[in-house]
file work-v2.txt (compact mmCIF, N, CA and C atoms)
# COMPACT_ATOMS: atom_id res chain seq x y z
N MET Q 1 0.84 -1.18 0.00
CA MET Q 1 0.00 0.00 0.00
C MET Q 1 0.87 1.23 0.00
N LYS Q 2 0.35 2.27 -0.63
CA LYS Q 2 1.07 3.52 -0.73
C LYS Q 2 1.11 4.20 0.64
N GLY Q 3 2.30 4.66 1.05
CA GLY Q 3 2.44 5.43 2.28
C GLY Q 3 2.67 4.59 3.53
N THR Q 4 2.70 3.26 3.42
CA THR Q 4 2.96 2.45 4.60
C THR Q 4 4.37 1.90 4.53
N LYS Q 5 4.98 1.79 5.70
CA LYS Q 5 6.33 1.24 5.76
C LYS Q 5 6.26 -0.27 5.91
N PRO Q 6 7.17 -0.99 5.28
CA PRO Q 6 7.18 -2.45 5.48
C PRO Q 6 7.62 -2.77 6.92
N MET Q 7 7.05 -3.83 7.46
CA MET Q 7 7.39 -4.26 8.81
C MET Q 7 8.74 -4.96 8.78
N PRO Q 8 9.62 -4.67 9.74
CA PRO Q 8 10.89 -5.39 9.78
C PRO Q 8 10.65 -6.89 9.91
N GLN Q 9 11.55 -7.68 9.35
CA GLN Q 9 11.42 -9.14 9.33
C GLN Q 9 11.25 -9.71 10.74
N GLN Q 10 12.04 -9.24 11.69
CA GLN Q 10 11.96 -9.76 13.06
C GLN Q 10 10.58 -9.48 13.68
N THR Q 11 10.05 -8.30 13.43
CA THR Q 11 8.73 -7.95 13.95
C THR Q 11 7.65 -8.81 13.32
N ARG Q 12 7.76 -9.06 12.01
CA ARG Q 12 6.78 -9.91 11.32
C ARG Q 12 6.80 -11.32 11.89
N ARG Q 13 8.01 -11.86 12.12
CA ARG Q 13 8.11 -13.22 12.69
C ARG Q 13 7.52 -13.29 14.09
N ALA Q 14 7.80 -12.30 14.92
CA ALA Q 14 7.27 -12.28 16.29
C ALA Q 14 5.75 -12.18 16.27
N ALA Q 15 5.22 -11.34 15.39
CA ALA Q 15 3.77 -11.17 15.29
C ALA Q 15 3.12 -12.47 14.80
N ALA Q 16 3.73 -13.12 13.81
CA ALA Q 16 3.17 -14.37 13.28
C ALA Q 16 3.23 -15.48 14.32
N ALA Q 17 4.27 -15.51 15.11
CA ALA Q 17 4.43 -16.57 16.10
C ALA Q 17 3.39 -16.50 17.21
N THR Q 18 2.89 -15.31 17.50
CA THR Q 18 1.94 -15.15 18.61
C THR Q 18 0.54 -14.79 18.16
N ALA Q 19 0.30 -14.61 16.88
CA ALA Q 19 -1.00 -14.14 16.40
C ALA Q 19 -2.14 -15.05 16.83
N HIS Q 20 -1.98 -16.35 16.70
CA HIS Q 20 -3.07 -17.26 17.04
C HIS Q 20 -3.24 -17.42 18.55
N HIS Q 21 -2.26 -17.01 19.32
CA HIS Q 21 -2.34 -17.11 20.78
C HIS Q 21 -2.76 -15.80 21.44
N ASP Q 22 -2.74 -14.73 20.69
CA ASP Q 22 -2.91 -13.40 21.27
C ASP Q 22 -4.14 -13.31 22.17
N CYS Q 23 -5.29 -13.69 21.67
CA CYS Q 23 -6.52 -13.57 22.45
C CYS Q 23 -6.50 -14.50 23.66
N ASP Q 24 -6.04 -15.73 23.47
CA ASP Q 24 -5.97 -16.67 24.59
C ASP Q 24 -5.00 -16.19 25.65
N PHE Q 25 -3.85 -15.69 25.24
CA PHE Q 25 -2.87 -15.19 26.20
C PHE Q 25 -3.44 -14.00 26.97
N ARG Q 26 -4.07 -13.08 26.26
CA ARG Q 26 -4.66 -11.92 26.93
C ARG Q 26 -5.75 -12.35 27.90
N ASP Q 27 -6.54 -13.32 27.49
CA ASP Q 27 -7.59 -13.83 28.36
C ASP Q 27 -7.01 -14.41 29.64
N MET Q 28 -5.95 -15.19 29.51
CA MET Q 28 -5.33 -15.80 30.69
C MET Q 28 -4.65 -14.75 31.56
N LEU Q 29 -3.99 -13.77 30.95
CA LEU Q 29 -3.40 -12.69 31.74
C LEU Q 29 -4.47 -11.90 32.48
N SER Q 30 -5.60 -11.71 31.83
CA SER Q 30 -6.71 -11.03 32.52
C SER Q 30 -7.20 -11.85 33.70
N ARG Q 31 -7.23 -13.16 33.53
CA ARG Q 31 -7.71 -14.02 34.60
C ARG Q 31 -6.80 -13.95 35.82
N VAL Q 32 -5.50 -14.12 35.61
CA VAL Q 32 -4.59 -14.11 36.77
C VAL Q 32 -4.37 -12.70 37.29
N GLY Q 33 -4.74 -11.70 36.50
CA GLY Q 33 -4.57 -10.33 36.95
C GLY Q 33 -5.86 -9.71 37.45
N ASP Q 34 -6.94 -10.49 37.49
CA ASP Q 34 -8.18 -9.90 37.95
C ASP Q 34 -8.18 -9.75 39.47
N LYS Q 35 -9.20 -9.15 39.97
CA LYS Q 35 -9.25 -8.80 41.39
C LYS Q 35 -9.36 -10.02 42.30
N TRP Q 36 -9.94 -11.13 41.82
CA TRP Q 36 -10.28 -12.22 42.72
C TRP Q 36 -9.50 -13.51 42.51
N SER Q 37 -9.09 -13.83 41.31
CA SER Q 37 -8.52 -15.15 41.02
C SER Q 37 -7.30 -15.48 41.87
N LEU Q 38 -6.35 -14.55 41.95
CA LEU Q 38 -5.15 -14.83 42.74
C LEU Q 38 -5.48 -14.95 44.22
N LEU Q 39 -6.45 -14.18 44.70
CA LEU Q 39 -6.85 -14.32 46.10
C LEU Q 39 -7.44 -15.70 46.37
N VAL Q 40 -8.29 -16.18 45.48
CA VAL Q 40 -8.88 -17.51 45.65
C VAL Q 40 -7.79 -18.58 45.62
N ILE Q 41 -6.87 -18.47 44.67
CA ILE Q 41 -5.77 -19.45 44.59
C ILE Q 41 -4.92 -19.40 45.85
N ALA Q 42 -4.58 -18.20 46.31
CA ALA Q 42 -3.77 -18.05 47.51
C ALA Q 42 -4.48 -18.62 48.74
N MET Q 43 -5.78 -18.40 48.85
CA MET Q 43 -6.54 -18.94 49.98
C MET Q 43 -6.55 -20.46 49.94
N LEU Q 44 -6.77 -21.04 48.75
CA LEU Q 44 -6.75 -22.50 48.64
C LEU Q 44 -5.38 -23.06 48.97
N GLU Q 45 -4.34 -22.35 48.57
CA GLU Q 45 -2.99 -22.82 48.85
C GLU Q 45 -2.73 -22.89 50.35
N GLY Q 46 -3.34 -22.00 51.10
CA GLY Q 46 -3.14 -21.97 52.54
C GLY Q 46 -4.01 -22.93 53.32
N MET Q 47 -4.93 -23.60 52.66
CA MET Q 47 -5.84 -24.53 53.35
C MET Q 47 -5.23 -25.93 53.39
N PRO Q 48 -5.64 -26.74 54.36
CA PRO Q 48 -5.14 -28.13 54.42
C PRO Q 48 -5.43 -28.86 53.11
N ALA Q 49 -4.46 -29.57 52.63
CA ALA Q 49 -4.55 -30.33 51.36
C ALA Q 49 -4.86 -29.42 50.18
N ARG Q 50 -4.63 -28.12 50.35
CA ARG Q 50 -4.92 -27.14 49.29
C ARG Q 50 -6.33 -27.34 48.75
N ARG Q 51 -7.23 -27.56 49.69
CA ARG Q 51 -8.62 -27.88 49.37
C ARG Q 51 -9.53 -27.13 50.33
N GLY Q 52 -10.65 -26.61 49.82
CA GLY Q 52 -11.57 -25.90 50.69
C GLY Q 52 -12.98 -25.86 50.14
N ARG Q 53 -13.90 -25.69 51.04
CA ARG Q 53 -15.30 -25.58 50.68
C ARG Q 53 -15.60 -24.17 50.19
N PHE Q 54 -16.66 -24.05 49.42
CA PHE Q 54 -17.08 -22.77 48.89
C PHE Q 54 -17.28 -21.77 50.02
N SER Q 55 -17.94 -22.20 51.09
CA SER Q 55 -18.21 -21.30 52.22
C SER Q 55 -16.92 -20.84 52.90
N ASP Q 56 -15.91 -21.72 52.94
CA ASP Q 56 -14.61 -21.33 53.51
C ASP Q 56 -13.96 -20.23 52.66
N LEU Q 57 -14.02 -20.42 51.36
CA LEU Q 57 -13.46 -19.41 50.46
C LEU Q 57 -14.21 -18.09 50.60
N LYS Q 58 -15.52 -18.17 50.67
CA LYS Q 58 -16.34 -16.95 50.81
C LYS Q 58 -15.95 -16.18 52.06
N ARG Q 59 -15.70 -16.90 53.15
CA ARG Q 59 -15.31 -16.25 54.41
C ARG Q 59 -13.90 -15.67 54.34
N ARG Q 60 -12.99 -16.35 53.64
CA ARG Q 60 -11.58 -15.95 53.64
C ARG Q 60 -11.23 -14.88 52.62
N VAL Q 61 -12.05 -14.71 51.60
CA VAL Q 61 -11.77 -13.71 50.57
C VAL Q 61 -12.62 -12.48 50.87
N PRO Q 62 -12.02 -11.47 51.50
CA PRO Q 62 -12.81 -10.32 51.94
C PRO Q 62 -13.44 -9.56 50.78
N GLY Q 63 -14.74 -9.29 50.93
CA GLY Q 63 -15.42 -8.45 49.96
C GLY Q 63 -15.97 -9.15 48.74
N ILE Q 64 -15.71 -10.43 48.56
CA ILE Q 64 -16.20 -11.11 47.35
C ILE Q 64 -17.66 -11.52 47.55
N SER Q 65 -18.46 -11.30 46.54
CA SER Q 65 -19.87 -11.71 46.60
C SER Q 65 -19.97 -13.18 46.21
N GLN Q 66 -21.09 -13.78 46.56
CA GLN Q 66 -21.30 -15.18 46.21
C GLN Q 66 -21.29 -15.35 44.69
N ARG Q 67 -21.92 -14.43 43.99
CA ARG Q 67 -21.96 -14.49 42.53
C ARG Q 67 -20.55 -14.40 41.92
N MET Q 68 -19.73 -13.48 42.45
CA MET Q 68 -18.38 -13.31 41.91
C MET Q 68 -17.50 -14.52 42.24
N LEU Q 69 -17.65 -15.07 43.44
CA LEU Q 69 -16.88 -16.27 43.79
C LEU Q 69 -17.27 -17.43 42.90
N THR Q 70 -18.57 -17.58 42.63
CA THR Q 70 -19.03 -18.64 41.73
C THR Q 70 -18.39 -18.49 40.35
N ALA Q 71 -18.42 -17.28 39.81
CA ALA Q 71 -17.83 -17.03 38.49
C ALA Q 71 -16.32 -17.27 38.51
N THR Q 72 -15.66 -16.84 39.58
CA THR Q 72 -14.20 -16.98 39.68
C THR Q 72 -13.79 -18.44 39.74
N VAL Q 73 -14.43 -19.24 40.60
CA VAL Q 73 -14.04 -20.65 40.69
C VAL Q 73 -14.39 -21.39 39.39
N ARG Q 74 -15.47 -21.00 38.75
CA ARG Q 74 -15.83 -21.63 37.48
C ARG Q 74 -14.76 -21.34 36.42
N ASN Q 75 -14.31 -20.09 36.34
CA ASN Q 75 -13.27 -19.75 35.37
C ASN Q 75 -11.95 -20.44 35.70
N LEU Q 76 -11.60 -20.49 36.98
CA LEU Q 76 -10.35 -21.16 37.38
C LEU Q 76 -10.42 -22.65 37.10
N GLU Q 77 -11.59 -23.24 37.27
CA GLU Q 77 -11.77 -24.66 36.94
C GLU Q 77 -11.61 -24.86 35.43
N ARG Q 78 -12.21 -23.98 34.66
CA ARG Q 78 -12.11 -24.07 33.20
C ARG Q 78 -10.66 -23.97 32.74
N ASP Q 79 -9.88 -23.13 33.41
CA ASP Q 79 -8.48 -22.93 33.04
C ASP Q 79 -7.56 -24.01 33.62
N GLY Q 80 -8.10 -24.94 34.39
CA GLY Q 80 -7.29 -26.03 34.93
C GLY Q 80 -6.53 -25.68 36.19
N MET Q 81 -6.91 -24.58 36.83
CA MET Q 81 -6.20 -24.15 38.05
C MET Q 81 -6.72 -24.86 39.30
N LEU Q 82 -7.96 -25.29 39.25
CA LEU Q 82 -8.52 -26.02 40.39
C LEU Q 82 -9.53 -27.03 39.89
N THR Q 83 -9.86 -27.97 40.77
CA THR Q 83 -10.88 -28.95 40.47
C THR Q 83 -12.02 -28.78 41.46
N ARG Q 84 -13.19 -29.20 41.04
CA ARG Q 84 -14.40 -29.10 41.85
C ARG Q 84 -14.86 -30.50 42.20
N HIS Q 85 -15.07 -30.74 43.48
CA HIS Q 85 -15.53 -32.05 43.95
C HIS Q 85 -16.91 -31.87 44.59
N VAL Q 86 -17.89 -32.59 44.07
CA VAL Q 86 -19.25 -32.54 44.62
C VAL Q 86 -19.50 -33.85 45.34
N TYR Q 87 -19.89 -33.76 46.60
CA TYR Q 87 -20.15 -34.95 47.41
C TYR Q 87 -21.66 -35.18 47.45
N PRO Q 88 -22.09 -36.44 47.25
CA PRO Q 88 -23.52 -36.75 47.22
C PRO Q 88 -24.12 -36.76 48.62
N GLU Q 89 -24.29 -35.59 49.17
CA GLU Q 89 -24.85 -35.43 50.51
C GLU Q 89 -26.03 -34.48 50.42
N VAL Q 90 -26.82 -34.44 51.46
CA VAL Q 90 -27.89 -33.47 51.55
C VAL Q 90 -27.64 -32.60 52.76
N PRO Q 91 -27.43 -31.30 52.61
CA PRO Q 91 -27.27 -30.60 51.33
C PRO Q 91 -25.94 -30.97 50.68
N PRO Q 92 -25.84 -30.76 49.37
CA PRO Q 92 -24.60 -31.12 48.68
C PRO Q 92 -23.40 -30.34 49.23
N ARG Q 93 -22.30 -31.02 49.34
CA ARG Q 93 -21.06 -30.38 49.78
C ARG Q 93 -20.15 -30.29 48.57
N VAL Q 94 -19.61 -29.08 48.35
CA VAL Q 94 -18.72 -28.84 47.21
C VAL Q 94 -17.39 -28.34 47.75
N GLU Q 95 -16.32 -28.95 47.27
CA GLU Q 95 -14.97 -28.51 47.64
C GLU Q 95 -14.18 -28.24 46.38
N TYR Q 96 -13.26 -27.30 46.51
CA TYR Q 96 -12.36 -26.96 45.43
C TYR Q 96 -10.95 -27.28 45.86
N GLN Q 97 -10.15 -27.78 44.93
CA GLN Q 97 -8.76 -28.13 45.24
C GLN Q 97 -7.85 -27.63 44.13
N LEU Q 98 -6.71 -27.06 44.52
CA LEU Q 98 -5.75 -26.58 43.52
C LEU Q 98 -5.17 -27.76 42.76
N THR Q 99 -4.98 -27.57 41.49
CA THR Q 99 -4.28 -28.55 40.66
C THR Q 99 -2.79 -28.20 40.68
N ALA Q 100 -2.00 -29.05 40.07
CA ALA Q 100 -0.56 -28.75 39.95
C ALA Q 100 -0.36 -27.44 39.20
N LEU Q 101 -1.19 -27.19 38.21
CA LEU Q 101 -1.11 -25.94 37.44
C LEU Q 101 -1.38 -24.74 38.34
N GLY Q 102 -2.40 -24.83 39.16
CA GLY Q 102 -2.73 -23.75 40.09
C GLY Q 102 -1.64 -23.53 41.13
N ARG Q 103 -1.08 -24.62 41.64
CA ARG Q 103 0.02 -24.50 42.61
C ARG Q 103 1.24 -23.88 41.95
N GLY Q 104 1.49 -24.25 40.70
CA GLY Q 104 2.64 -23.72 39.98
C GLY Q 104 2.53 -22.23 39.70
N LEU Q 105 1.33 -21.71 39.60
CA LEU Q 105 1.14 -20.28 39.37
C LEU Q 105 1.66 -19.47 40.55
N MET Q 106 1.63 -20.03 41.74
CA MET Q 106 2.04 -19.28 42.93
C MET Q 106 3.53 -18.95 42.94
N ASP Q 107 4.36 -19.74 42.28
CA ASP Q 107 5.80 -19.44 42.25
C ASP Q 107 6.08 -18.09 41.59
N PRO Q 108 5.60 -17.84 40.37
CA PRO Q 108 5.85 -16.51 39.79
C PRO Q 108 5.14 -15.40 40.55
N VAL Q 109 3.99 -15.70 41.14
CA VAL Q 109 3.28 -14.68 41.92
C VAL Q 109 4.12 -14.28 43.14
N ARG Q 110 4.70 -15.28 43.80
CA ARG Q 110 5.58 -14.96 44.95
C ARG Q 110 6.77 -14.11 44.50
N GLY Q 111 7.30 -14.39 43.31
CA GLY Q 111 8.39 -13.58 42.76
C GLY Q 111 7.95 -12.14 42.54
N LEU Q 112 6.75 -11.96 42.02
CA LEU Q 112 6.22 -10.60 41.80
C LEU Q 112 6.03 -9.89 43.13
N VAL Q 113 5.48 -10.58 44.12
CA VAL Q 113 5.28 -9.97 45.43
C VAL Q 113 6.62 -9.59 46.04
N SER Q 114 7.60 -10.45 45.91
CA SER Q 114 8.94 -10.15 46.42
C SER Q 114 9.52 -8.92 45.73
N TRP Q 115 9.37 -8.85 44.41
CA TRP Q 115 9.86 -7.69 43.66
C TRP Q 115 9.16 -6.43 44.14
N LEU Q 116 7.84 -6.50 44.33
CA LEU Q 116 7.09 -5.33 44.80
C LEU Q 116 7.57 -4.89 46.19
N GLN Q 117 7.79 -5.86 47.08
CA GLN Q 117 8.26 -5.51 48.42
C GLN Q 117 9.62 -4.84 48.36
N SER Q 118 10.50 -5.35 47.53
CA SER Q 118 11.85 -4.78 47.42
C SER Q 118 11.83 -3.40 46.79
N ASN Q 119 10.92 -3.18 45.85
CA ASN Q 119 10.91 -1.93 45.10
C ASN Q 119 9.84 -0.94 45.52
N TRP Q 120 9.08 -1.27 46.55
CA TRP Q 120 7.98 -0.40 46.94
C TRP Q 120 8.44 1.01 47.32
N PRO Q 121 9.54 1.17 48.06
CA PRO Q 121 9.97 2.55 48.37
C PRO Q 121 10.25 3.37 47.10
N ALA Q 122 10.86 2.77 46.10
CA ALA Q 122 11.14 3.49 44.86
C ALA Q 122 9.84 3.81 44.11
N ILE Q 123 8.89 2.88 44.10
CA ILE Q 123 7.61 3.11 43.43
C ILE Q 123 6.86 4.23 44.14
N ARG Q 124 6.81 4.16 45.47
CA ARG Q 124 6.11 5.19 46.24
C ARG Q 124 6.74 6.56 46.00
N GLY Q 125 8.09 6.61 46.00
CA GLY Q 125 8.78 7.87 45.74
C GLY Q 125 8.48 8.42 44.36
N ALA Q 126 8.46 7.55 43.36
CA ALA Q 126 8.13 7.98 41.99
C ALA Q 126 6.72 8.54 41.92
N ARG Q 127 5.80 7.88 42.59
CA ARG Q 127 4.42 8.37 42.60
C ARG Q 127 4.31 9.73 43.27
N GLU Q 128 4.99 9.87 44.38
CA GLU Q 128 4.94 11.15 45.10
C GLU Q 128 5.53 12.28 44.27
N ARG Q 129 6.66 12.01 43.59
CA ARG Q 129 7.27 13.03 42.73
C ARG Q 129 6.35 13.38 41.57
N PHE Q 130 5.75 12.38 40.96
CA PHE Q 130 4.84 12.62 39.85
C PHE Q 130 3.64 13.44 40.31
N ASP Q 131 3.05 13.04 41.42
CA ASP Q 131 1.86 13.74 41.93
C ASP Q 131 2.19 15.18 42.31
N ALA Q 132 3.39 15.42 42.84
CA ALA Q 132 3.77 16.78 43.23
C ALA Q 132 3.95 17.68 42.00
N GLN Q 133 4.35 17.11 40.87
CA GLN Q 133 4.57 17.90 39.65
C GLN Q 133 3.30 18.10 38.85
N SER Q 134 2.31 17.29 39.07
CA SER Q 134 1.11 17.34 38.26
C SER Q 134 -0.04 17.94 39.06
N PRO Q 135 -0.57 19.08 38.60
CA PRO Q 135 -1.64 19.73 39.35
C PRO Q 135 -2.99 19.03 39.24
N ARG Q 136 -3.18 18.21 38.21
CA ARG Q 136 -4.49 17.56 38.05
C ARG Q 136 -4.61 16.36 38.99
N LYS Q 137 -5.83 16.02 39.29
CA LYS Q 137 -6.11 14.89 40.18
C LYS Q 137 -5.71 13.60 39.48
N GLN Q 138 -5.00 12.73 40.19
CA GLN Q 138 -4.57 11.45 39.63
C GLN Q 138 -5.68 10.43 39.77
N VAL Q 139 -5.97 9.73 38.67
CA VAL Q 139 -6.98 8.69 38.66
C VAL Q 139 -6.27 7.37 38.44
N PRO Q 140 -6.45 6.39 39.35
CA PRO Q 140 -5.78 5.11 39.15
C PRO Q 140 -6.27 4.42 37.87
N LEU Q 141 -5.34 3.78 37.17
CA LEU Q 141 -5.70 3.03 35.96
C LEU Q 141 -6.36 1.73 36.36
N ARG Q 142 -7.37 1.34 35.62
CA ARG Q 142 -8.05 0.09 35.90
C ARG Q 142 -8.10 -0.73 34.62
N ALA Q 143 -8.04 -2.05 34.82
CA ALA Q 143 -8.15 -2.94 33.67
C ALA Q 143 -9.57 -2.88 33.13
N VAL Q 144 -9.68 -2.92 31.84
CA VAL Q 144 -11.01 -2.85 31.21
C VAL Q 144 -11.48 -4.23 30.88

call {"tool": "encode", "arguments": {"input": "work-v2.txt", "output": "structure tokens"}}
result
Amino acid sequence: MKGTKPMPQQTRRAAAATAHHDCDFRDMLSRVGDKWSLLVIAMLEGMPARRGRFSDLKRRVPGISQRMLTATVRNLERDGMLTRHVYPEVPPRVEYQLTALGRGLMDPVRGLVSWLQSNWPAIRGARERFDAQSPRKQVPLRAV
């Protein structure tokens, strides 16, 4: 096309290598970066046998609604992060247990938390300097 620059070969290869994964990768990053998924996984990791009942999770995850917890565990189950066990009792008892995949996610998360703890003074200082230079009200960015 007239007026467009050709894409460098390396950029074309990188784009082609990830094009079919782009939506799936973004979906998974959204899942592990959402407000509730990591909290649910962390709570399950701290329970005996990395297993817990729905009501236990509801109590341990502050502020989560029953509807949001239901959606979160359903999505985590779909992604292979946890399994759902239904016991044939009256009333039915449902437990969730982390899979190896879900347990494995905690290693990089711990690394991120460690990085944040180590760098928090620098991040806080950068924010304070930015806020002092900018007269407009700062609005936190949120994932869409």

call {"tool": "closest_residue", "arguments": {"input": "work-v2.txt", "among": "Q:Trp36, Q:Ser30, Q:Arg127, Q:Glu45", "to": "Ala100 in chain Q", "atoms": "only C-alpha atoms"}}
result
Q:Glu45

call {"tool": "residues_near_point", "arguments": {"input": "work-v2.txt", "point": "(-4.6, -29.2, 37.6)", "cutoff": "5 Å", "atoms": "all atoms listed in the file", "output": "PyMOL selection string"}}
result
chain Q and resi 80+99-101

call {"tool": "residues_around", "arguments": {"input": "work-v2.txt", "residues": "Arg31 in chain Q", "least_positions_apart": "5", "cutoff": "12 Å", "atoms": "only C-alpha atoms", "output": "JSON list (two decimals) with N, CA and C atoms, in the coordinates of the input"}}
result
[["chain", "number", "residue", "atom", "x", "y", "z"],
["Q", 24, "ASP", "N", -6.04, -15.73, 23.47],
["Q", 24, "ASP", "CA", -5.97, -16.67, 24.59],
["Q", 24, "ASP", "C", -5.00, -16.19, 25.65],
["Q", 25, "PHE", "N", -3.85, -15.69, 25.24],
["Q", 25, "PHE", "CA", -2.87, -15.19, 26.20],
["Q", 25, "PHE", "C", -3.44, -14.00, 26.97],
["Q", 26, "ARG", "N", -4.07, -13.08, 26.26],
["Q", 26, "ARG", "CA", -4.66, -11.92, 26.93],
["Q", 26, "ARG", "C", -5.75, -12.35, 27.90],
["Q", 36, "TRP", "N", -9.94, -11.13, 41.82],
["Q", 36, "TRP", "CA", -10.28, -12.22, 42.72],
["Q", 36, "TRP", "C", -9.50, -13.51, 42.51],
["Q", 37, "SER", "N", -9.09, -13.83, 41.31],
["Q", 37, "SER", "CA", -8.52, -15.15, 41.02],
["Q", 37, "SER", "C", -7.30, -15.48, 41.87],
["Q", 38, "LEU", "N", -6.35, -14.55, 41.95],
["Q", 38, "LEU", "CA", -5.15, -14.83, 42.74],
["Q", 38, "LEU", "C", -5.48, -14.95, 44.22],
["Q", 39, "LEU", "N", -6.45, -14.18, 44.70],
["Q", 39, "LEU", "CA", -6.85, -14.32, 46.10],
["Q", 39, "LEU", "C", -7.44, -15.70, 46.37],
["Q", 40, "VAL", "N", -8.29, -16.18, 45.48],
["Q", 40, "VAL", "CA", -8.88, -17.51, 45.65],
["Q", 40, "VAL", "C", -7.79, -18.58, 45.62],
["Q", 41, "ILE", "N", -6.87, -18.47, 44.67],
["Q", 41, "ILE", "CA", -5.77, -19.45, 44.59],
["Q", 41, "ILE", "C", -4.92, -19.40, 45.85],
["Q", 71, "ALA", "N", -18.42, -17.28, 39.81],
["Q", 71, "ALA", "CA", -17.83, -17.03, 38.49],
["Q", 71, "ALA", "C", -16.32, -17.27, 38.51],
["Q", 72, "THR", "N", -15.66, -16.84, 39.58],
["Q", 72, "THR", "CA", -14.20, -16.98, 39.68],
["Q", 72, "THR", "C", -13.79, -18.44, 39.74],
["Q", 73, "VAL", "N", -14.43, -19.24, 40.60],
["Q", 73, "VAL", "CA", -14.04, -20.65, 40.69],
["Q", 73, "VAL", "C", -14.39, -21.39, 39.39],
["Q", 74, "ARG", "N", -15.47, -21.00, 38.75],
["Q", 74, "ARG", "CA", -15.83, -21.63, 37.48],
["Q", 74, "ARG", "C", -14.76, -21.34, 36.42],
["Q", 75, "ASN", "N", -14.31, -20.09, 36.34],
["Q", 75, "ASN", "CA", -13.27, -19.75, 35.37],
["Q", 75, "ASN", "C", -11.95, -20.44, 35.70],
["Q", 76, "LEU", "N", -11.60, -20.49, 36.98],
["Q", 76, "LEU", "CA", -10.35, -21.16, 37.38],
["Q", 76, "LEU", "C", -10.42, -22.65, 37.10],
["Q", 77, "GLU", "N", -11.59, -23.24, 37.27],
["Q", 77, "GLU", "CA", -11.77, -24.66, 36.94],
["Q", 77, "GLU", "C", -11.61, -24.86, 35.43],
["Q", 78, "ARG", "N", -12.21, -23.98, 34.66],
["Q", 78, "ARG", "CA", -12.11, -24.07, 33.20],
["Q", 78, "ARG", "C", -10.66, -23.97, 32.74],
["Q", 79, "ASP", "N", -9.88, -23.13, 33.41],
["Q", 79, "ASP", "CA", -8.48, -22.93, 33.04],
["Q", 79, "ASP", "C", -7.56, -24.01, 33.62],
["Q", 81, "MET", "N", -6.91, -24.58, 36.83],
["Q", 81, "MET", "CA", -6.20, -24.15, 38.05],
["Q", 81, "MET", "C", -6.72, -24.86, 39.30],
["Q", 105, "LEU", "N", 1.33, -21.71, 39.60],
["Q", 105, "LEU", "CA", 1.14, -20.28, 39.37],
["Q", 105, "LEU", "C", 1.66, -19.47, 40.55],
["Q", 143, "ALA", "N", -8.04, -2.05, 34.82],
["Q", 143, "ALA", "CA", -8.15, -2.94, 33.67],
["Q", 143, "ALA", "C", -9.57, -2.88, 33.13]]

call {"tool": "atom_distance", "arguments": {"input": "work-v2.txt", "atom1": "CA of Pro88 in chain Q", "atom2": "CA of Ile64 in chain Q"}}
result
26.7 Å

call {"tool": "atom_distance", "arguments": {"input": "work-v2.txt", "atom1": "atom C of Trp115 in chain Q", "atom2": "atom C of Asp27 in chain Q"}}
result
23.1 Å

call {"tool": "closest_residue", "arguments": {"input": "work-v2.txt", "among": "Q:Ala126, Q:Trp120, Q:Gly102, Q:Gly111", "to": "Ala42 in chain Q", "atoms": "all atoms listed in the file"}}
result
Q:Gly102

call {"tool": "atom_distance", "arguments": {"input": "work-v2.txt", "atom1": "CA of Thr83 in chain Q", "atom2": "CA of Arg53 in chain Q"}}
result
11.6 Å

call {"tool": "residues_near_point", "arguments": {"input": "work-v2.txt", "point": "(-14.7, -24.8, 46.6)", "cutoff": "10 Å", "atoms": "only C-alpha atoms", "output": "ChimeraX atom specification"}}
result
/Q:40,44,51-58,69-70,73-74,82-86,93-98

call {"tool": "select_by_dssp", "arguments": {"input": "work-v2.txt", "residues": "range 44-116 of chain Q", "states": "alpha helix (DSSP H)", "output": "ChimeraX atom specification"}}
result
/Q:44-45,54-60,66-78,100-116

call {"tool": "select_by_dssp", "arguments": {"input": "work-v2.txt", "residues": "range 26-109 of chain Q", "states": "strand (DSSP E or B)", "output": "MDAnalysis selection string"}}
result
chainID Q and resid 51:53 82:87 93:98

call {"tool": "closest_residue", "arguments": {"input": "work-v2.txt", "among": "Q:Arg67, Q:Arg60, Q:Arg124, Q:Arg110", "to": "Gly46 in chain Q", "atoms": "only C-alpha atoms"}}
result
Q:Arg60
